[in-house]
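Participant: Data file entry-v8.cif (mmCIF, C-alpha atoms) is appended below.
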```cif
data_query
#
loop_
_atom_site.group_PDB
_atom_site.id
_atom_site.type_symbol
_atom_site.label_atom_id
_atom_site.label_comp_id
_atom_site.auth_asym_id
_atom_site.auth_seq_id
_atom_site.Cartn_x
_atom_site.Cartn_y
_atom_site.Cartn_z
ATOM 1 C CA MET A 21 -28.570 5.546 13.662
ATOM 2 C CA SER A 22 -25.308 6.870 12.197
ATOM 3 C CA VAL A 23 -22.565 5.028 10.328
ATOM 4 C CA THR A 24 -19.031 5.640 9.096
ATOM 5 C CA LEU A 25 -18.247 4.765 5.494
ATOM 6 C CA ALA A 26 -14.837 3.451 4.464
ATOM 7 C CA MET A 27 -13.914 3.244 0.800
ATOM 8 C CA ASP A 28 -10.978 1.829 -1.141
ATOM 9 C CA ILE A 29 -10.669 2.990 -4.744
ATOM 10 C CA GLY A 30 -8.679 1.041 -7.315
ATOM 11 C CA GLY A 31 -8.306 1.254 -11.047
ATOM 12 C CA THR A 32 -10.410 -1.896 -11.590
ATOM 13 C CA HIS A 33 -12.726 -2.032 -8.572
ATOM 14 C CA MET A 34 -13.900 0.228 -5.774
ATOM 15 C CA ARG A 35 -15.182 -1.029 -2.439
ATOM 16 C CA ALA A 36 -17.200 0.495 0.368
ATOM 17 C CA ALA A 37 -17.791 -0.805 3.889
ATOM 18 C CA VAL A 38 -20.297 0.360 6.505
ATOM 19 C CA PHE A 39 -19.166 0.638 10.118
ATOM 20 C CA PRO A 40 -22.065 1.150 12.568
ATOM 21 C CA LYS A 41 -21.525 3.637 15.377
ATOM 22 C CA ASN A 42 -19.176 2.342 18.110
ATOM 23 C CA LYS A 43 -18.368 -0.770 16.054
ATOM 24 C CA THR A 44 -14.949 -1.698 14.655
ATOM 25 C CA LYS A 45 -16.147 -4.321 12.199
ATOM 26 C CA PRO A 46 -18.188 -3.527 9.099
ATOM 27 C CA SER A 47 -21.794 -4.680 9.000
ATOM 28 C CA HIS A 48 -21.531 -5.165 5.243
ATOM 29 C CA GLN A 49 -19.564 -4.079 2.202
ATOM 30 C CA ILE A 50 -20.031 -3.794 -1.556
ATOM 31 C CA ARG A 51 -17.590 -3.964 -4.452
ATOM 32 C CA ILE A 52 -18.287 -2.605 -7.939
ATOM 33 C CA ARG A 53 -16.232 -1.975 -11.060
ATOM 34 C CA THR A 54 -14.560 1.439 -11.208
ATOM 35 C CA ARG A 55 -15.346 1.934 -14.872
ATOM 36 C CA VAL A 56 -18.442 0.977 -16.843
ATOM 37 C CA LYS A 57 -19.682 2.356 -20.125
ATOM 38 C CA GLY A 58 -21.779 5.490 -19.737
ATOM 39 C CA GLU A 59 -20.611 6.433 -16.200
ATOM 40 C CA THR A 60 -17.574 8.317 -14.933
ATOM 41 C CA PRO A 61 -15.537 6.962 -11.986
ATOM 42 C CA LEU A 62 -16.919 9.813 -9.852
ATOM 43 C CA GLN A 63 -20.488 8.861 -10.735
ATOM 44 C CA ARG A 64 -19.628 5.269 -9.846
ATOM 45 C CA LEU A 65 -18.220 6.408 -6.510
ATOM 46 C CA LEU A 66 -21.327 8.402 -5.606
ATOM 47 C CA LYS A 67 -23.541 5.531 -6.730
ATOM 48 C CA LEU A 68 -21.581 3.148 -4.483
ATOM 49 C CA ILE A 69 -22.027 5.458 -1.489
ATOM 50 C CA HIS A 70 -25.792 5.536 -1.963
ATOM 51 C CA GLU A 71 -25.996 1.776 -2.570
ATOM 52 C CA VAL A 72 -24.013 0.771 0.493
ATOM 53 C CA THR A 73 -25.661 3.159 2.981
ATOM 54 C CA PRO A 74 -28.545 1.420 4.800
ATOM 55 C CA GLU A 75 -31.923 3.057 4.321
ATOM 56 C CA GLY A 76 -32.792 5.451 7.117
ATOM 57 C CA GLU A 77 -29.235 5.708 8.468
ATOM 58 C CA THR A 78 -27.112 8.854 8.556
ATOM 59 C CA ILE A 79 -23.524 8.996 7.330
ATOM 60 C CA ASP A 80 -21.343 10.449 10.055
ATOM 61 C CA SER A 81 -18.159 10.673 7.990
ATOM 62 C CA VAL A 82 -16.424 9.102 5.010
ATOM 63 C CA GLY A 83 -12.838 7.904 4.653
ATOM 64 C CA ILE A 84 -11.390 7.095 1.242
ATOM 65 C CA ALA A 85 -8.166 5.330 0.269
ATOM 66 C CA ILE A 86 -6.834 6.136 -3.200
ATOM 67 C CA PRO A 87 -3.730 5.116 -5.144
ATOM 68 C CA GLY A 88 -1.594 8.148 -5.924
ATOM 69 C CA LEU A 89 -0.778 11.482 -4.325
ATOM 70 C CA PHE A 90 -3.304 13.559 -2.408
ATOM 71 C CA ASP A 91 -2.951 17.043 -0.935
ATOM 72 C CA PRO A 92 -4.968 17.037 2.316
ATOM 73 C CA HIS A 93 -4.585 20.813 2.723
ATOM 74 C CA GLU A 94 -6.083 21.687 -0.673
ATOM 75 C CA GLY A 95 -8.343 18.647 -0.753
ATOM 76 C CA ILE A 96 -7.284 17.695 -4.273
ATOM 77 C CA ILE A 97 -5.788 14.629 -5.902
ATOM 78 C CA ILE A 98 -2.366 15.411 -7.377
ATOM 79 C CA THR A 99 -1.940 12.216 -9.352
ATOM 80 C CA ALA A 100 -4.080 9.095 -9.589
ATOM 81 C CA PRO A 101 -2.303 6.687 -11.969
ATOM 82 C CA ASN A 102 -5.345 4.463 -12.531
ATOM 83 C CA ILE A 103 -7.866 7.329 -12.706
ATOM 84 C CA PRO A 104 -5.920 10.137 -14.416
ATOM 85 C CA GLU A 105 -9.005 12.309 -14.927
ATOM 86 C CA TRP A 106 -9.120 12.880 -11.157
ATOM 87 C CA ALA A 107 -5.833 14.806 -11.121
ATOM 88 C CA GLY A 108 -6.448 18.301 -9.762
ATOM 89 C CA VAL A 109 -10.049 17.494 -8.833
ATOM 90 C CA PRO A 110 -11.330 18.256 -5.277
ATOM 91 C CA ILE A 111 -13.013 14.867 -4.917
ATOM 92 C CA THR A 112 -13.506 15.092 -1.144
ATOM 93 C CA GLY A 113 -15.294 18.431 -1.402
ATOM 94 C CA MET A 114 -17.553 17.138 -4.149
ATOM 95 C CA ILE A 115 -18.510 14.072 -2.117
ATOM 96 C CA GLN A 116 -19.021 16.143 1.015
ATOM 97 C CA GLU A 117 -21.349 18.483 -0.880
ATOM 98 C CA GLU A 118 -23.275 15.533 -2.342
ATOM 99 C CA ILE A 119 -23.918 13.649 0.906
ATOM 100 C CA GLY A 120 -23.494 16.337 3.584
ATOM 101 C CA ALA A 121 -20.923 14.452 5.637
ATOM 102 C CA PRO A 122 -17.241 15.250 6.345
ATOM 103 C CA THR A 123 -15.073 13.362 3.875
ATOM 104 C CA TYR A 124 -11.389 12.478 4.226
ATOM 105 C CA MET A 125 -9.002 10.958 1.743
ATOM 106 C CA GLY A 126 -5.517 9.478 1.929
ATOM 107 C CA ASN A 127 -2.990 7.482 -0.028
ATOM 108 C CA ASP A 128 -3.937 3.803 -0.024
ATOM 109 C CA ALA A 129 -0.559 2.577 1.247
ATOM 110 C CA ASN A 130 -0.563 5.134 4.071
ATOM 111 C CA LEU A 131 -4.055 4.070 5.070
ATOM 112 C CA ALA A 132 -3.126 0.385 4.829
ATOM 113 C CA ALA A 133 -0.409 1.149 7.386
ATOM 114 C CA LEU A 134 -3.043 2.777 9.577
ATOM 115 C CA GLY A 135 -5.306 -0.256 9.197
ATOM 116 C CA GLU A 136 -2.567 -2.746 10.089
ATOM 117 C CA TRP A 137 -1.643 -0.607 13.102
ATOM 118 C CA GLY A 138 -5.201 -0.415 14.374
ATOM 119 C CA PHE A 139 -6.512 -3.871 13.574
ATOM 120 C CA GLY A 140 -3.818 -6.049 12.010
ATOM 121 C CA ALA A 141 -0.238 -7.185 12.476
ATOM 122 C CA GLY A 142 0.783 -3.859 14.013
ATOM 123 C CA LYS A 143 -1.834 -3.796 16.765
ATOM 124 C CA GLY A 144 -0.168 -2.880 20.070
ATOM 125 C CA HIS A 145 2.857 -1.247 18.418
ATOM 126 C CA HIS A 146 3.447 2.490 18.654
ATOM 127 C CA ASP A 147 6.040 2.848 15.889
ATOM 128 C CA LEU A 148 5.791 0.798 12.701
ATOM 129 C CA ILE A 149 6.620 0.755 9.031
ATOM 130 C CA TYR A 150 4.310 -0.866 6.513
ATOM 131 C CA LEU A 151 5.505 -1.784 3.031
ATOM 132 C CA THR A 152 3.307 -3.061 0.254
ATOM 133 C CA VAL A 153 5.341 -4.999 -2.289
ATOM 134 C CA SER A 154 3.277 -5.606 -5.378
ATOM 135 C CA THR A 155 3.459 -4.278 -8.944
ATOM 136 C CA GLY A 156 5.179 -1.330 -7.292
ATOM 137 C CA ILE A 157 6.212 -0.570 -3.728
ATOM 138 C CA GLY A 158 4.307 1.753 -1.426
ATOM 139 C CA GLY A 159 4.332 2.282 2.276
ATOM 140 C CA GLY A 160 3.191 4.034 5.380
ATOM 141 C CA ILE A 161 4.689 5.016 8.719
ATOM 142 C CA ILE A 162 3.186 5.193 12.195
ATOM 143 C CA SER A 163 5.310 7.225 14.595
ATOM 144 C CA ASN A 164 4.269 7.527 18.219
ATOM 145 C CA ASP A 165 0.767 6.294 17.331
ATOM 146 C CA LYS A 166 0.337 8.887 14.573
ATOM 147 C CA LEU A 167 0.263 8.429 10.821
ATOM 148 C CA LEU A 168 3.179 10.323 9.299
ATOM 149 C CA VAL A 169 2.101 12.230 6.183
ATOM 150 C CA GLY A 170 4.507 15.174 6.153
ATOM 151 C CA HIS A 171 4.221 18.895 5.501
ATOM 152 C CA ARG A 172 2.488 18.543 2.116
ATOM 153 C CA GLY A 173 0.739 15.248 2.789
ATOM 154 C CA LEU A 174 3.215 13.490 0.498
ATOM 155 C CA GLY A 175 5.296 11.664 3.098
ATOM 156 C CA ALA A 176 6.135 7.960 3.288
ATOM 157 C CA GLU A 177 6.632 7.376 -0.439
ATOM 158 C CA LEU A 178 8.876 4.512 0.623
ATOM 159 C CA GLY A 179 9.114 2.918 -2.812
ATOM 160 C CA HIS A 180 10.608 5.998 -4.416
ATOM 161 C CA VAL A 181 13.861 6.104 -2.488
ATOM 162 C CA THR A 182 17.146 5.541 -4.300
ATOM 163 C CA ILE A 183 19.018 2.385 -3.319
ATOM 164 C CA LEU A 184 21.083 1.783 -6.477
ATOM 165 C CA PRO A 185 22.309 4.929 -8.287
ATOM 166 C CA ASP A 186 22.062 4.525 -12.077
ATOM 167 C CA GLY A 187 20.026 1.360 -11.439
ATOM 168 C CA PRO A 188 16.957 0.207 -13.357
ATOM 169 C CA LEU A 189 14.318 2.695 -14.427
ATOM 170 C CA CYS A 190 11.427 3.136 -11.995
ATOM 171 C CA SER A 191 7.803 3.624 -13.032
ATOM 172 C CA CYS A 192 8.127 7.263 -11.945
ATOM 173 C CA GLY A 193 10.904 7.913 -14.481
ATOM 174 C CA LYS A 194 13.822 8.013 -12.025
ATOM 175 C CA ARG A 195 16.521 5.370 -11.760
ATOM 176 C CA GLY A 196 17.545 3.098 -8.928
ATOM 177 C CA HIS A 197 14.466 3.365 -6.697
ATOM 178 C CA ILE A 198 13.740 0.349 -4.524
ATOM 179 C CA GLU A 199 10.461 -0.083 -6.431
ATOM 180 C CA ALA A 200 12.409 -0.701 -9.638
ATOM 181 C CA ILE A 201 14.358 -3.527 -8.004
ATOM 182 C CA SER A 202 12.305 -5.336 -5.363
ATOM 183 C CA SER A 203 8.733 -4.976 -6.628
ATOM 184 C CA GLY A 204 7.028 -7.670 -8.657
ATOM 185 C CA THR A 205 7.782 -5.623 -11.758
ATOM 186 C CA GLY A 206 11.431 -5.257 -10.740
ATOM 187 C CA ILE A 207 11.799 -8.989 -10.142
ATOM 188 C CA ALA A 208 10.187 -9.796 -13.502
ATOM 189 C CA ASN A 209 12.314 -7.254 -15.367
ATOM 190 C CA TYR A 210 15.496 -8.689 -13.866
ATOM 191 C CA VAL A 211 14.629 -12.247 -14.896
ATOM 192 C CA GLU A 212 13.634 -11.137 -18.386
ATOM 193 C CA GLU A 213 16.937 -9.281 -18.827
ATOM 194 C CA GLN A 214 18.915 -12.295 -17.628
ATOM 195 C CA ILE A 215 17.078 -14.652 -19.999
ATOM 196 C CA LYS A 216 17.730 -12.287 -22.909
ATOM 197 C CA SER A 217 21.419 -12.210 -21.993
ATOM 198 C CA GLY A 218 21.559 -15.996 -22.359
ATOM 199 C CA ARG A 219 21.045 -17.254 -18.806
ATOM 200 C CA THR A 220 19.641 -20.758 -18.518
ATOM 201 C CA SER A 221 16.263 -21.091 -16.799
ATOM 202 C CA LYS A 222 13.062 -23.074 -16.974
ATOM 203 C CA LEU A 223 11.419 -19.687 -17.364
ATOM 204 C CA THR A 224 10.991 -18.272 -20.848
ATOM 205 C CA GLY A 225 9.671 -15.127 -22.472
ATOM 206 C CA GLU A 226 8.385 -12.465 -20.080
ATOM 207 C CA PRO A 227 7.389 -14.254 -16.843
ATOM 208 C CA ASP A 228 5.619 -12.355 -14.086
ATOM 209 C CA ALA A 229 6.516 -12.443 -10.392
ATOM 210 C CA LYS A 230 4.025 -15.235 -9.662
ATOM 211 C CA ALA A 231 5.530 -17.502 -12.324
ATOM 212 C CA ILE A 232 9.004 -16.677 -11.031
ATOM 213 C CA SER A 233 7.996 -17.559 -7.462
ATOM 214 C CA ILE A 234 6.637 -20.928 -8.615
ATOM 215 C CA ALA A 235 9.871 -21.599 -10.491
ATOM 216 C CA ALA A 236 11.915 -20.578 -7.453
ATOM 217 C CA LEU A 237 10.046 -23.005 -5.206
ATOM 218 C CA ALA A 238 10.708 -25.696 -7.836
ATOM 219 C CA GLY A 239 14.441 -25.011 -7.562
ATOM 220 C CA ASP A 240 15.134 -22.817 -10.589
ATOM 221 C CA PRO A 241 18.464 -21.043 -9.875
ATOM 222 C CA LEU A 242 17.674 -17.815 -11.753
ATOM 223 C CA ALA A 243 14.260 -17.510 -10.130
ATOM 224 C CA ASN A 244 15.780 -17.984 -6.675
ATOM 225 C CA GLU A 245 18.490 -15.478 -7.517
ATOM 226 C CA ALA A 246 15.842 -12.919 -8.479
ATOM 227 C CA PHE A 247 14.144 -13.195 -5.072
ATOM 228 C CA GLU A 248 17.489 -13.207 -3.244
ATOM 229 C CA ARG A 249 18.403 -10.004 -5.083
ATOM 230 C CA ALA A 250 15.044 -8.396 -4.319
ATOM 231 C CA GLY A 251 15.355 -9.331 -0.638
ATOM 232 C CA LEU A 252 18.944 -8.093 -0.490
ATOM 233 C CA TYR A 253 18.077 -4.587 -1.635
ATOM 234 C CA LEU A 254 14.782 -4.487 0.255
ATOM 235 C CA GLY A 255 16.651 -5.382 3.455
ATOM 236 C CA MET A 256 19.246 -2.691 2.788
ATOM 237 C CA MET A 257 16.484 -0.143 2.352
ATOM 238 C CA ILE A 258 14.689 -1.311 5.493
ATOM 239 C CA ALA A 259 17.962 -0.830 7.405
ATOM 240 C CA ASN A 260 17.896 2.790 6.228
ATOM 241 C CA TYR A 261 14.307 3.145 7.439
ATOM 242 C CA LEU A 262 15.321 1.670 10.805
ATOM 243 C CA ALA A 263 18.042 4.295 11.193
ATOM 244 C CA ILE A 264 15.546 7.084 10.518
ATOM 245 C CA PHE A 265 12.349 5.920 12.240
ATOM 246 C CA ASP A 266 13.409 3.185 14.713
ATOM 247 C CA PRO A 267 10.142 1.177 14.545
ATOM 248 C CA SER A 268 9.382 -1.939 16.581
ATOM 249 C CA ILE A 269 7.791 -3.753 13.632
ATOM 250 C CA ILE A 270 8.163 -3.900 9.862
ATOM 251 C CA ILE A 271 5.036 -5.205 8.117
ATOM 252 C CA ILE A 272 5.317 -6.348 4.519
ATOM 253 C CA GLY A 273 2.102 -6.721 2.555
ATOM 254 C CA GLY A 274 1.125 -6.765 -1.102
ATOM 255 C CA GLY A 275 0.950 -9.528 -3.681
ATOM 256 C CA VAL A 276 4.678 -10.335 -3.761
ATOM 257 C CA SER A 277 4.738 -10.719 0.029
ATOM 258 C CA GLN A 278 2.429 -13.717 -0.392
ATOM 259 C CA THR A 279 5.496 -15.671 -1.502
ATOM 260 C CA GLY A 280 6.298 -15.738 2.223
ATOM 261 C CA GLU A 281 9.813 -16.734 3.178
ATOM 262 C CA LEU A 282 10.926 -16.653 -0.451
ATOM 263 C CA LEU A 283 11.054 -12.874 -0.044
ATOM 264 C CA LEU A 284 11.059 -12.470 3.743
ATOM 265 C CA ALA A 285 14.042 -14.743 4.494
ATOM 266 C CA PRO A 286 16.595 -12.884 2.334
ATOM 267 C CA THR A 287 15.074 -9.584 3.462
ATOM 268 C CA ARG A 288 15.586 -10.404 7.151
ATOM 269 C CA LYS A 289 19.154 -11.581 6.488
ATOM 270 C CA SER A 290 19.935 -8.391 4.602
ATOM 271 C CA VAL A 291 18.483 -6.215 7.364
ATOM 272 C CA GLU A 292 20.674 -7.975 9.925
ATOM 273 C CA ASN A 293 23.765 -7.449 7.772
ATOM 274 C CA SER A 294 22.961 -3.838 6.890
ATOM 275 C CA VAL A 295 22.064 -2.091 10.162
ATOM 276 C CA PHE A 296 24.887 -0.068 11.629
ATOM 277 C CA SER A 297 23.852 -1.007 15.179
ATOM 278 C CA GLN A 298 22.419 -4.317 16.342
ATOM 279 C CA ARG A 299 20.305 -2.363 18.821
ATOM 280 C CA TYR A 300 17.825 -1.741 16.018
ATOM 281 C CA LEU A 301 17.187 -5.480 15.874
ATOM 282 C CA GLN A 302 16.298 -5.880 19.554
ATOM 283 C CA ASP A 303 12.626 -6.818 19.778
ATOM 284 C CA LEU A 304 12.210 -5.951 16.085
ATOM 285 C CA THR A 305 9.534 -7.931 14.250
ATOM 286 C CA ILE A 306 9.579 -8.351 10.475
ATOM 287 C CA THR A 307 6.382 -10.031 9.397
ATOM 288 C CA GLY A 308 3.717 -10.313 6.738
ATOM 289 C CA ALA A 309 0.540 -8.238 6.818
ATOM 290 C CA ALA A 310 -2.598 -9.597 8.497
ATOM 291 C CA LEU A 311 -5.481 -7.777 6.824
ATOM 292 C CA GLY A 312 -4.753 -8.471 3.168
ATOM 293 C CA ASP A 313 -6.905 -6.406 0.806
ATOM 294 C CA ASP A 314 -8.936 -5.044 3.739
ATOM 295 C CA ALA A 315 -6.053 -3.016 5.206
ATOM 296 C CA GLY A 316 -6.918 0.087 3.197
ATOM 297 C CA LEU A 317 -10.587 -0.139 4.137
ATOM 298 C CA TYR A 318 -9.778 -0.351 7.844
ATOM 299 C CA GLY A 319 -7.338 2.525 7.511
ATOM 300 C CA ALA A 320 -9.957 4.630 5.737
ATOM 301 C CA PHE A 321 -12.361 3.853 8.577
ATOM 302 C CA LEU A 322 -9.844 4.999 11.190
ATOM 303 C CA LEU A 323 -9.117 8.161 9.184
ATOM 304 C CA ALA A 324 -12.812 9.051 9.123
ATOM 305 C CA ASP A 325 -13.679 7.809 12.609
ATOM 306 C CA ASN A 326 -10.960 9.915 14.230
ATOM 307 C CA SER A 327 -11.717 13.042 12.246
ATOM 308 C CA PRO A 328 -11.765 16.366 14.141
ATOM 309 C CA GLU A 329 -15.485 16.822 13.494
ATOM 310 C CA LYS A 330 -16.407 13.656 15.411
#
```
Starting from the file, lay out its structure as structure tokens.

Facilitator:
Amino acid sequence: MSVTLAMDIGGTHMRAAVFPKNKTKPSHQIRIRTRVKGETPLQRLLKLIHEVTPEGETIDSVGIAIPGLFDPHEGIIITAPNIPEWAGVPITGMIQEEIGAPTYMGNDANLAALGEWGFGAGKGHHDLIYLTVSTGIGGGIISNDKLLVGHRGLGAELGHVTILPDGPLCSCGKRGHIEAISSGTGIANYVEEQIKSGRTSKLTGEPDAKAISIAALAGDPLANEAFERAGLYLGMMIANYLAIFDPSIIIIGGGVSQTGELLLAPTRKSVENSVFSQRYLQDLTITGAALGDDAGLYGAFLLADNSPEK
């Protein structure tokens, strides 16, 4: 019997799930730490593949979601922020040689979009935008039932789009990207700056986005202002995406999205105020993600299961 393997690689943990042939739910999955003393992340990855594969079963194909930039034409990782030693390494080719099965890799946010489209909040939609709002902001785009990756495989870097020229510094080194404003890091940085400038708040020191969300729900004005500001700019950026891609659904996932309406309400309001035509809002859904941490795994499965070799 043959199986498809789906993997999601993070800086702290890596996960693998086994999908039996003609099944769309994994039979089982395993999670291990990405780094342990005495083993490289690549050795850990290969070990995970062998551990998760049932004895006597053949691997049909492997799909892998990674954080960072990946060149699908050259088969190499360009940057992997949490695993820097993988930069320039043809990981897919190495895995394929090790296990003898076609191996495919993609950016984790892109594949999370694919997962939500196939199995989550985007099921039944043909054109969607997925945003993950967490420490940073990533995203993915489905256009006419196809994952948009672009000429170099670097498309849909939705967090690294300028919304506020000369704005706060982004993690990438550029200023004014939406990630620097509406991510968890952006929200925390804004509150910290305001506290240092003398603003009154129940929050002190260097609070993170979770602490700020708790304070906001308790009525803290600065905390609420931080989420209103994040939603304002996120909505403005989504209005830009609507003008370019005209999706029927915007899905917002990631840790910060778990604050629910604290972020979604000002985002929706800003979208409504920012679109240049109300036609974009007809039948438009703006909602939270449905698959949580499993979105990347399901997207990796779809990437592998729909590979040309199958």

Participant: Between atom CA of Ala37 of chain A and atom CA of Pro61 of chain A, what is the spacing in Å?

Facilitator: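 The value is 17.8 Å.
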
Participant: Could you give me, as a list in words, the residues within 10 Å of segment 209-218 of chain A, counting all atoms listed in the file and dropping anything in the same chain fewer than 4 positions from it?

Facilitator: Pro188, Ala200, Ile201, Ser202, Ser203, Gly204, Thr205, Lys222, Leu223, Thr224, Gly225, Glu226, Pro227, Asp228, Ala229, Ile232, Leu242, Ala243, Glu245, Ala246, Phe247, Arg249 and Ala250 of chain A

Participant: Neighbours of Leu89 of chain A within 8 Å (only C-alpha atoms; same-chain residues fewer than 6 positions away dropped), as a VMD selection string?

Facilitator: chain A and resid 97 to 100 127 174

Participant: Can you turn the PyMOL selection byres ((chain A and resi 151) around 12) into a concrete residue list for this file, as an MDAnalysis selection string?

Facilitator: chainID A and resid 128:134 136 148:150 152:154 156:162 176:180 198:199 202:203 254:255 257:258 261 269:277 306:309 315

Participant: Kindly export the residues of the current selection with C-alpha atoms, as a compact mmCIF listing (two decimals), in the coordinates of the input.

Facilitator:
```txt
# COMPACT_ATOMS: atom_id res chain seq x y z
CA ASP A 128 -3.94 3.80 -0.02
CA ALA A 129 -0.56 2.58 1.25
CA ASN A 130 -0.56 5.13 4.07
CA LEU A 131 -4.06 4.07 5.07
CA ALA A 132 -3.13 0.38 4.83
CA ALA A 133 -0.41 1.15 7.39
CA LEU A 134 -3.04 2.78 9.58
CA GLU A 136 -2.57 -2.75 10.09
CA LEU A 148 5.79 0.80 12.70
CA ILE A 149 6.62 0.76 9.03
CA TYR A 150 4.31 -0.87 6.51
CA THR A 152 3.31 -3.06 0.25
CA VAL A 153 5.34 -5.00 -2.29
CA SER A 154 3.28 -5.61 -5.38
CA GLY A 156 5.18 -1.33 -7.29
CA ILE A 157 6.21 -0.57 -3.73
CA GLY A 158 4.31 1.75 -1.43
CA GLY A 159 4.33 2.28 2.28
CA GLY A 160 3.19 4.03 5.38
CA ILE A 161 4.69 5.02 8.72
CA ILE A 162 3.19 5.19 12.20
CA ALA A 176 6.14 7.96 3.29
CA GLU A 177 6.63 7.38 -0.44
CA LEU A 178 8.88 4.51 0.62
CA GLY A 179 9.11 2.92 -2.81
CA HIS A 180 10.61 6.00 -4.42
CA ILE A 198 13.74 0.35 -4.52
CA GLU A 199 10.46 -0.08 -6.43
CA SER A 202 12.30 -5.34 -5.36
CA SER A 203 8.73 -4.98 -6.63
CA LEU A 254 14.78 -4.49 0.26
CA GLY A 255 16.65 -5.38 3.46
CA MET A 257 16.48 -0.14 2.35
CA ILE A 258 14.69 -1.31 5.49
CA TYR A 261 14.31 3.14 7.44
CA ILE A 269 7.79 -3.75 13.63
CA ILE A 270 8.16 -3.90 9.86
CA ILE A 271 5.04 -5.20 8.12
CA ILE A 272 5.32 -6.35 4.52
CA GLY A 273 2.10 -6.72 2.56
CA GLY A 274 1.12 -6.76 -1.10
CA GLY A 275 0.95 -9.53 -3.68
CA VAL A 276 4.68 -10.34 -3.76
CA SER A 277 4.74 -10.72 0.03
CA ILE A 306 9.58 -8.35 10.48
CA THR A 307 6.38 -10.03 9.40
CA GLY A 308 3.72 -10.31 6.74
CA ALA A 309 0.54 -8.24 6.82
CA ALA A 315 -6.05 -3.02 5.21
```

Participant: So how far away is atom CA of Gly312 of chain A from atom CA of Gly206 of chain A, in Å?

Facilitator: 21.6 Å

Participant: I want to know what sits within 10 Å of His48 of chain A, based on only C-alpha atoms, with residues of the same chain fewer than 2 positions away left out; could you give that as a VMD selection string?

Facilitator: chain A and resid 36 to 40 45 to 46 50 72 to 74

Participant: Go ahead and write the residues just picked, C-alpha atoms, as a compact mmCIF listing (two decimals), keeping the file's coordinate frame.

Facilitator:
```txt
# COMPACT_ATOMS: atom_id res chain seq x y z
CA ALA A 36 -17.20 0.50 0.37
CA ALA A 37 -17.79 -0.80 3.89
CA VAL A 38 -20.30 0.36 6.50
CA PHE A 39 -19.17 0.64 10.12
CA PRO A 40 -22.06 1.15 12.57
CA LYS A 45 -16.15 -4.32 12.20
CA PRO A 46 -18.19 -3.53 9.10
CA ILE A 50 -20.03 -3.79 -1.56
CA VAL A 72 -24.01 0.77 0.49
CA THR A 73 -25.66 3.16 2.98
CA PRO A 74 -28.54 1.42 4.80
```

Participant: Kindly indicate which residue among A:Asn164, A:Thr112, A:Asn293, A:Asn102 lies nearest to Phe90 of chain A, using all atoms listed in the file for the distances.

Facilitator: A:Thr112
